[in-house]
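*Asks:* Provided below: model-v2.csv, containing CSV, C-alpha atoms.
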```
chain,number,residue,atom,x,y,z
A,1,MET,CA,8.2,-24.7,5.1
A,2,LEU,CA,7.5,-20.9,4.8
A,3,PHE,CA,7.0,-18.4,2.0
A,4,ASP,CA,8.6,-15.0,2.6
A,5,THR,CA,6.1,-13.0,0.5
A,6,HIS,CA,8.0,-9.7,0.6
A,7,ALA,CA,11.8,-9.2,0.7
A,8,HIS,CA,14.4,-6.8,-0.6
A,9,LEU,CA,17.4,-9.1,-1.1
A,10,ASN,CA,19.0,-6.7,-3.5
A,11,ASP,CA,19.4,-4.1,-0.7
A,12,PRO,CA,22.9,-3.0,-0.1
A,13,ALA,CA,22.6,-4.2,3.5
A,14,PHE,CA,23.1,-7.7,2.1
A,15,ASP,CA,26.2,-6.9,0.0
A,16,PRO,CA,28.7,-8.4,2.4
A,17,ASP,CA,27.2,-11.9,2.6
A,18,ARG,CA,24.4,-12.1,0.1
A,19,GLU,CA,25.3,-15.4,-1.5
A,20,GLU,CA,26.1,-17.2,1.8
A,21,LEU,CA,22.8,-16.0,3.2
A,22,MET,CA,20.8,-17.0,0.1
A,23,GLU,CA,22.1,-20.6,0.6
A,24,SER,CA,20.9,-20.7,4.2
A,25,PHE,CA,17.2,-20.0,3.7
A,26,ALA,CA,16.2,-23.7,3.1
A,27,SER,CA,17.8,-24.8,6.4
A,28,ALA,CA,15.9,-21.9,8.1
A,29,GLY,CA,12.6,-23.4,6.8
A,30,VAL,CA,12.0,-20.9,4.0
A,31,SER,CA,11.4,-22.5,0.6
A,32,LEU,CA,10.0,-19.5,-1.4
A,33,VAL,CA,10.8,-15.8,-1.5
A,34,MET,CA,9.2,-12.9,-3.3
A,35,ASN,CA,11.8,-10.2,-4.0
A,36,ALA,CA,9.9,-6.9,-4.4
A,37,GLY,CA,10.9,-4.0,-6.8
A,38,CYS,CA,10.9,-0.4,-5.6
A,39,SER,CA,12.1,1.4,-8.7
A,40,LEU,CA,12.9,0.7,-12.3
A,41,GLU,CA,16.6,0.2,-11.4
A,42,SER,CA,15.8,-2.2,-8.5
A,43,SER,CA,13.2,-4.0,-10.6
A,44,ARG,CA,15.7,-4.8,-13.3
A,45,ASP,CA,18.2,-6.1,-10.7
A,46,ILE,CA,15.5,-8.2,-9.0
A,47,VAL,CA,14.4,-9.9,-12.2
A,48,GLN,CA,18.0,-10.9,-12.9
A,49,MET,CA,18.4,-12.3,-9.4
A,50,ALA,CA,15.2,-14.3,-9.7
A,51,GLU,CA,16.5,-16.0,-12.8
A,52,LYS,CA,19.4,-17.4,-10.8
A,53,TYR,CA,17.4,-19.2,-8.1
A,54,PRO,CA,14.4,-21.5,-8.7
A,55,TRP,CA,12.9,-20.6,-5.3
A,56,LEU,CA,13.1,-16.8,-5.8
A,57,TYR,CA,10.4,-14.7,-7.6
A,58,ALA,CA,10.2,-11.1,-8.6
A,59,SER,CA,7.8,-8.1,-8.7
A,60,VAL,CA,8.4,-4.9,-10.7
A,61,GLY,CA,7.2,-1.5,-9.8
A,62,SER,CA,7.9,2.0,-8.4
A,63,HIS,CA,7.4,2.5,-4.6
A,64,PRO,CA,5.7,5.8,-3.6
A,65,ASP,CA,9.2,7.2,-2.9
A,66,SER,CA,10.0,6.7,-6.6
A,67,ALA,CA,6.6,7.8,-7.8
A,68,ASP,CA,8.1,10.7,-9.7
A,69,GLU,CA,9.9,8.4,-12.1
A,70,VAL,CA,6.7,6.8,-13.4
A,71,ASN,CA,6.0,7.7,-17.0
A,72,GLU,CA,5.0,5.9,-20.2
A,73,ALA,CA,8.7,4.8,-20.8
A,74,VAL,CA,9.0,3.3,-17.3
A,75,LEU,CA,5.7,1.6,-17.6
A,76,GLU,CA,6.8,0.1,-21.0
A,77,GLU,CA,10.0,-1.2,-19.3
A,78,TYR,CA,7.8,-2.9,-16.6
A,79,ARG,CA,5.6,-4.3,-19.3
A,80,LYS,CA,8.6,-5.8,-21.1
A,81,LEU,CA,10.1,-7.3,-17.8
A,82,CYS,CA,6.7,-8.9,-17.1
A,83,LYS,CA,6.5,-10.5,-20.5
A,84,GLN,CA,10.1,-11.6,-20.9
A,85,SER,CA,10.3,-13.5,-17.6
A,86,ASP,CA,7.9,-16.0,-16.0
A,87,LYS,CA,9.6,-15.3,-12.7
A,88,VAL,CA,7.9,-11.9,-12.5
A,89,LYS,CA,4.6,-12.6,-10.6
A,90,ALA,CA,3.4,-9.1,-9.5
A,91,ILE,CA,3.4,-5.4,-10.0
A,92,GLY,CA,4.9,-3.8,-6.9
A,93,GLU,CA,5.6,-2.5,-4.6
A,94,ILE,CA,3.3,0.4,-5.5
A,95,GLY,CA,1.0,2.7,-3.5
A,96,LEU,CA,0.9,5.7,-1.2
A,97,ASP,CA,3.1,6.9,1.6
A,98,TYR,CA,2.1,10.1,3.3
A,99,TYR,CA,4.4,9.7,6.3
A,100,TYR,CA,7.2,11.9,5.0
A,101,GLU,CA,5.5,13.3,1.9
A,102,ASP,CA,8.8,13.8,0.1
A,103,ILE,CA,6.9,13.1,-3.1
A,104,PRO,CA,3.6,15.2,-3.4
A,105,ARG,CA,0.5,13.3,-2.9
A,106,GLU,CA,-0.9,14.0,-6.4
A,107,ILE,CA,2.3,12.5,-7.9
A,108,GLN,CA,2.0,9.4,-5.7
A,109,GLN,CA,-1.6,9.0,-6.6
A,110,ARG,CA,-1.0,9.3,-10.3
A,111,ALA,CA,1.8,6.7,-10.2
A,112,PHE,CA,-0.3,4.4,-8.2
A,113,ARG,CA,-3.2,4.6,-10.7
A,114,LEU,CA,-0.9,4.1,-13.7
A,115,GLN,CA,0.6,1.0,-12.2
A,116,MET,CA,-2.8,-0.4,-11.2
A,117,GLU,CA,-3.8,0.2,-14.8
A,118,LEU,CA,-0.8,-1.8,-15.9
A,119,ALA,CA,-1.7,-4.7,-13.6
A,120,LYS,CA,-5.2,-4.6,-15.0
A,121,GLU,CA,-3.8,-4.8,-18.5
A,122,LEU,CA,-1.5,-7.6,-17.8
A,123,ASP,CA,-3.9,-9.4,-15.4
A,124,MET,CA,-1.3,-9.5,-12.6
A,125,PRO,CA,-1.6,-9.1,-8.8
A,126,VAL,CA,-0.2,-6.1,-7.1
A,127,ILE,CA,1.8,-5.5,-4.0
A,128,VAL,CA,0.6,-2.3,-2.3
A,129,HIS,CA,2.6,-0.2,0.1
A,130,GLU,CA,0.3,2.1,2.1
A,131,ARG,CA,1.4,4.2,5.0
A,132,ASP,CA,-0.7,6.9,6.6
A,133,ALA,CA,-2.9,7.0,3.5
A,134,HIS,CA,-5.7,4.6,4.5
A,135,ASN,CA,-8.6,6.4,2.9
A,136,ASP,CA,-6.9,7.2,-0.3
A,137,GLY,CA,-5.3,3.8,-0.7
A,138,LEU,CA,-8.6,2.0,-0.2
A,139,ALA,CA,-10.4,4.4,-2.6
A,140,ILE,CA,-7.9,3.9,-5.4
A,141,VAL,CA,-7.9,0.1,-5.2
A,142,LYS,CA,-11.7,0.3,-5.4
A,143,GLU,CA,-11.3,2.1,-8.8
A,144,PHE,CA,-9.8,-1.2,-10.1
A,145,PRO,CA,-12.2,-3.9,-9.0
A,146,THR,CA,-10.6,-6.6,-11.2
A,147,VAL,CA,-7.1,-6.0,-9.8
A,148,LYS,CA,-6.3,-7.9,-6.6
A,149,GLY,CA,-3.2,-8.3,-4.5
A,150,VAL,CA,-1.8,-7.8,-1.1
A,151,PHE,CA,-1.5,-4.8,1.3
A,152,HIS,CA,2.0,-5.6,2.5
A,153,CYS,CA,3.3,-4.6,6.0
A,154,TYR,CA,-0.3,-3.9,6.9
A,155,SER,CA,-0.7,-0.9,9.2
A,156,GLY,CA,-4.4,-0.1,8.9
A,157,SER,CA,-7.4,-1.0,11.1
A,158,ALA,CA,-9.0,-4.4,11.4
A,159,GLU,CA,-12.1,-2.9,9.9
A,160,MET,CA,-10.3,-1.8,6.8
A,161,ALA,CA,-8.6,-5.2,6.5
A,162,ARG,CA,-12.0,-6.9,6.6
A,163,GLN,CA,-13.1,-4.5,3.8
A,164,LEU,CA,-10.0,-5.5,1.7
A,165,VAL,CA,-10.6,-9.2,2.3
A,166,ASN,CA,-14.2,-8.8,1.2
A,167,LEU,CA,-12.8,-7.3,-2.0
A,168,GLY,CA,-10.6,-10.3,-2.6
A,169,TRP,CA,-7.3,-8.9,-1.2
A,170,TYR,CA,-4.6,-10.4,1.1
A,171,ILE,CA,-3.1,-8.9,4.2
A,172,GLY,CA,0.7,-9.2,4.8
A,173,PHE,CA,2.2,-9.2,8.3
A,174,THR,CA,5.8,-8.4,9.1
A,175,GLY,CA,7.9,-8.6,12.3
A,176,VAL,CA,5.7,-5.8,13.6
A,177,LEU,CA,3.3,-8.6,14.6
A,178,THR,CA,5.8,-9.6,17.3
A,179,PHE,CA,6.2,-6.2,18.8
A,180,LYS,CA,4.8,-5.6,22.3
A,181,ASN,CA,2.9,-2.5,21.2
A,182,ALA,CA,1.5,-4.1,18.0
A,183,ARG,CA,-2.2,-3.9,19.2
A,184,LYS,CA,-3.7,-3.2,15.8
A,185,ALA,CA,-1.7,-5.8,13.9
A,186,VAL,CA,-2.6,-8.5,16.5
A,187,GLU,CA,-6.3,-7.5,16.4
A,188,THR,CA,-6.3,-7.6,12.6
A,189,ALA,CA,-4.5,-11.0,12.4
A,190,ALA,CA,-7.0,-12.4,14.9
A,191,SER,CA,-10.1,-11.1,13.0
A,192,ILE,CA,-9.6,-11.9,9.3
A,193,PRO,CA,-9.8,-15.3,7.6
A,194,LEU,CA,-6.7,-17.3,7.8
A,195,ASP,CA,-6.8,-18.0,4.1
A,196,ARG,CA,-6.2,-14.2,3.4
A,197,ILE,CA,-3.0,-13.9,5.6
A,198,VAL,CA,0.5,-14.0,4.2
A,199,LEU,CA,3.8,-13.6,6.1
A,200,GLU,CA,6.7,-11.5,5.1
A,201,THR,CA,10.0,-10.1,6.4
A,202,ASP,CA,10.2,-6.9,4.4
A,203,CYS,CA,13.9,-7.5,5.0
A,204,PRO,CA,16.3,-5.9,5.7
A,205,PHE,CA,13.7,-3.8,7.6
A,206,MET,CA,11.2,-4.7,10.3
A,207,ALA,CA,13.1,-7.4,12.1
A,208,PRO,CA,10.9,-9.3,14.6
A,209,GLU,CA,11.5,-9.7,18.3
A,210,PRO,CA,14.1,-10.7,19.6
A,211,PHE,CA,16.0,-9.4,16.6
A,212,ARG,CA,14.4,-6.0,16.5
A,213,GLY,CA,16.9,-3.3,15.5
A,214,LYS,CA,19.1,-5.8,13.6
A,215,ARG,CA,19.2,-6.5,9.9
A,216,ASN,CA,16.2,-8.6,9.0
A,217,GLN,CA,16.3,-11.6,6.7
A,218,PRO,CA,14.1,-14.5,5.6
A,219,GLY,CA,15.5,-16.8,8.2
A,220,TYR,CA,13.6,-14.8,10.8
A,221,LEU,CA,10.2,-15.5,9.3
A,222,TYR,CA,9.6,-18.3,11.8
A,223,ARG,CA,9.0,-15.7,14.5
A,224,MET,CA,6.0,-14.3,12.6
A,225,ALA,CA,4.7,-17.8,12.1
A,226,GLU,CA,5.0,-18.6,15.8
A,227,LYS,CA,3.2,-15.4,16.7
A,228,LEU,CA,0.4,-16.0,14.3
A,229,ALA,CA,-0.1,-19.5,15.7
A,230,GLU,CA,-0.3,-18.0,19.2
A,231,ILE,CA,-2.8,-15.3,18.1
A,232,ARG,CA,-5.0,-17.7,16.2
A,233,GLY,CA,-4.8,-20.6,18.7
A,234,ILE,CA,-3.7,-23.1,16.1
A,235,SER,CA,-0.7,-25.2,15.5
A,236,LEU,CA,2.5,-24.0,13.9
A,237,GLU,CA,2.0,-26.6,11.2
A,238,GLU,CA,-1.4,-25.1,10.3
A,239,VAL,CA,0.2,-21.7,10.0
A,240,HIS,CA,3.0,-23.0,7.7
A,241,ALA,CA,0.6,-24.8,5.5
A,242,ALA,CA,-2.0,-22.1,5.2
A,243,THR,CA,0.4,-19.2,4.7
A,244,MET,CA,2.4,-21.1,2.1
A,245,GLU,CA,-0.8,-21.9,0.1
A,246,ASN,CA,-2.0,-18.3,0.5
A,247,GLY,CA,1.2,-16.9,-0.9
A,248,LYS,CA,1.3,-19.3,-3.8
A,249,ARG,CA,-2.4,-18.5,-4.6
A,250,LEU,CA,-1.7,-14.7,-4.3
A,251,TYR,CA,1.2,-14.8,-6.8
A,252,ARG,CA,-0.2,-17.7,-8.9
A,253,ILE,CA,2.8,-20.0,-8.3
A,254,PRO,CA,2.0,-23.6,-9.2
```
Could the structure of this file be written out as structure tokens, please?
*Replies:*
Amino acid sequence: MLFDTHAHLNDPAFDPDREELMESFASAGVSLVMNAGCSLESSRDIVQMAEKYPWLYASVGSHPDSADEVNEAVLEEYRKLCKQSDKVKAIGEIGLDYYYEDIPREIQQRAFRLQMELAKELDMPVIVHERDAHNDGLAIVKEFPTVKGVFHCYSGSAEMARQLVNLGWYIGFTGVLTFKNARKAVETAASIPLDRIVLETDCPFMAPEPFRGKRNQPGYLYRMAEKLAEIRGISLEEVHAATMENGKRLYRIP
């Protein structure tokens, strides 16, 4: 069985058939899913969803695109959500995204640091979104040496991934791993320890080949597992066992 360590099942893309889809994951070989928050509103919804399904977990946090909402009141709401539900297993997704820069960098950095501080206070792992901000992302996580987590949908270099692994972090791979032009992702997946790799869909985005361009969903996670087995030269069973254990260790799931 597989663990989809990063999904957005509350996304409107799933509104037409969400319940039917949720019931199909087990038959598709997926037994655990982490549903990631991106804002206060989505985090509230995600925690409610997690309470309905024993195999579904939640994270709470403000994505860089929502960095301008982060203040003491929002942080207090996240604090309460973490304490009121044992299904909340991480702070995230948080981080930096310099690709569009709709939110000024200084606001993103402030929100990132505030949420890293919250994770430190609550002794929780974090889910980091980092796009085109490699140096700043690495620098900020180094400011919080006791906070660990995952760089999800990893897009940096293999060298940076090795630095993160040495700091105790995990690296998350999406459907990008299956793309024909995914040289950096393949190089990274081949060069870091297997016990630091987790698999994710980031659905409804990042669908793997041959579903690229379609709505992604946890049932497609098998493609990432197949590709990782090919890259590492190991059996599919080894990939399933290792990435499941890694995801449970990352999110402290018994």
*Asks:* List as a ChimeraX atom specification the protein and nucleic acid residues near Val60 of chain A, meaning an atom at most 7 Å away when all atoms listed in the file are counted, but skip any in the same chain fewer than 2 places from it.
*Replies:* /A:36-37,43,58,78,90-92
*Asks:* Excluding same-chain residues fewer than 4 positions from Glu143 of chain A, what lies within 12 Å of it counting only C-alpha atoms, as a JSON list (two decimals) with C-alpha atoms, keeping the file's coordinate frame?
*Replies:*
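So the final result, stored in selection.json, reads:
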```json
[["chain", "number", "residue", "atom", "x", "y", "z"],
["A", 112, "PHE", "CA", -0.30, 4.40, -8.20],
["A", 113, "ARG", "CA", -3.20, 4.60, -10.70],
["A", 114, "LEU", "CA", -0.90, 4.10, -13.70],
["A", 116, "MET", "CA", -2.80, -0.40, -11.20],
["A", 117, "GLU", "CA", -3.80, 0.20, -14.80],
["A", 120, "LYS", "CA", -5.20, -4.60, -15.00],
["A", 136, "ASP", "CA", -6.90, 7.20, -0.30],
["A", 137, "GLY", "CA", -5.30, 3.80, -0.70],
["A", 138, "LEU", "CA", -8.60, 2.00, -0.20],
["A", 139, "ALA", "CA", -10.40, 4.40, -2.60],
["A", 147, "VAL", "CA", -7.10, -6.00, -9.80],
["A", 148, "LYS", "CA", -6.30, -7.90, -6.60],
["A", 167, "LEU", "CA", -12.80, -7.30, -2.00]]
```
*Asks:* If we count only C-alpha atoms, what is near Val165 of chain A at a cut-off of 12 Å, once residues fewer than 3 positions away on the same chain are taken out, given as a list in words?
*Replies:*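 Listed by chain and then number, they are Leu138, Lys148, Gly149, Val150, Phe151, Ala158, Glu159, Met160, Ala161, Arg162, Gly168, Trp169, Tyr170, Ile171, Gly172, Thr188, Ala189, Ser191, Ile192, Pro193, Leu194, Asp195, Arg196 and Ile197 of chain A.
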*Asks:* Here is a test: counting all atoms listed in the file, which residue of A:Gln109, A:Asn35, A:Ser27, A:Ser155 is nearest to Ile140 of chain A?
*Replies:*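 Of A:Gln109, A:Asn35, A:Ser27, A:Ser155, the one nearest Ile140 of chain A is A:Gln109, counting all atoms listed in the file.
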*Asks:* Could you list, as a PyMOL selection string, every residue within 9 Å of Leu81 of chain A, counting only C-alpha atoms and ignoring same-chain residues fewer than 4 positions away?
*Replies:* chain A and resi 43-44+47+60+76-77+85+88
*Asks:* Please, what distance in Å, to one decimal, runs between atom CA of Tyr99 of chain A and atom CA of Cys153 of chain A?
*Replies:* 14.3 Å
*Asks:* Looking at A:Ser235, A:Ser66, A:Asn216, A:Thr243, which one is nearest to Leu21 of chain A, with distances taken over only C-alpha atoms?
*Replies:*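 Ranked by minimum distance to Leu21 of chain A, first place goes to A:Asn216.
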*Asks:* Calculate how many Å separate atom CA of Gln48 of chain A from atom CA of Gly247 of chain A, rounding to one decimal.
*Replies:*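 About the pair atom CA of Gln48 of chain A and atom CA of Gly247 of chain A: they are 21.5 Å apart.
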*Asks:* Using all atoms listed in the file, which residue out of A:Ala207, A:Met244, A:Leu236, A:Met49 lies closest to Tyr220 of chain A?
*Replies:*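 For Tyr220 of chain A, the nearest of the given residues is A:Ala207.
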*Asks:* Taking only C-alpha atoms into account, which of A:Glu130, A:Asp102, A:Glu93, A:Asp65 comes nearest Thr5 of chain A?
*Replies:*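 Closest candidate: A:Glu93.
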*Asks:* For Val30 of chain A, work out the shell of residues within 10 Å, counting all atoms listed in the file and skipping chain neighbours fewer than 5 positions away, then give it as a compact mmCIF listing (two decimals) with C-alpha atoms, in the frame of the given file.
*Replies:*
```
# COMPACT_ATOMS: atom_id res chain seq x y z
CA MET A 1 8.20 -24.70 5.10
CA LEU A 2 7.50 -20.90 4.80
CA PHE A 3 7.00 -18.40 2.00
CA ASP A 4 8.60 -15.00 2.60
CA SER A 24 20.90 -20.70 4.20
CA PHE A 25 17.20 -20.00 3.70
CA TRP A 55 12.90 -20.60 -5.30
CA PRO A 218 14.10 -14.50 5.60
CA GLY A 219 15.50 -16.80 8.20
CA TYR A 220 13.60 -14.80 10.80
CA LEU A 221 10.20 -15.50 9.30
CA TYR A 222 9.60 -18.30 11.80
CA HIS A 240 3.00 -23.00 7.70
CA MET A 244 2.40 -21.10 2.10
```
*Asks:* Between atom CA of Ser42 of chain A and atom CA of Gln115 of chain A, what is the spacing in Å?
*Replies:* 16.0 Å
*Asks:* Using all atoms listed in the file, which of the listed residues (A:Leu75, A:Val176, A:Val128, A:Ala67) sits closest to Ile107 of chain A?
*Replies:*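 With all atoms listed in the file as the atom set, the closest residue is A:Ala67.
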*Asks:* Using only C-alpha atoms, find the one residue out of A:Glu23, A:Asp17, A:Glu41, A:Glu106 that sits nearest to Asp68 of chain A.
*Replies:*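 Of all the options, A:Glu106 lies closest to Asp68 of chain A.
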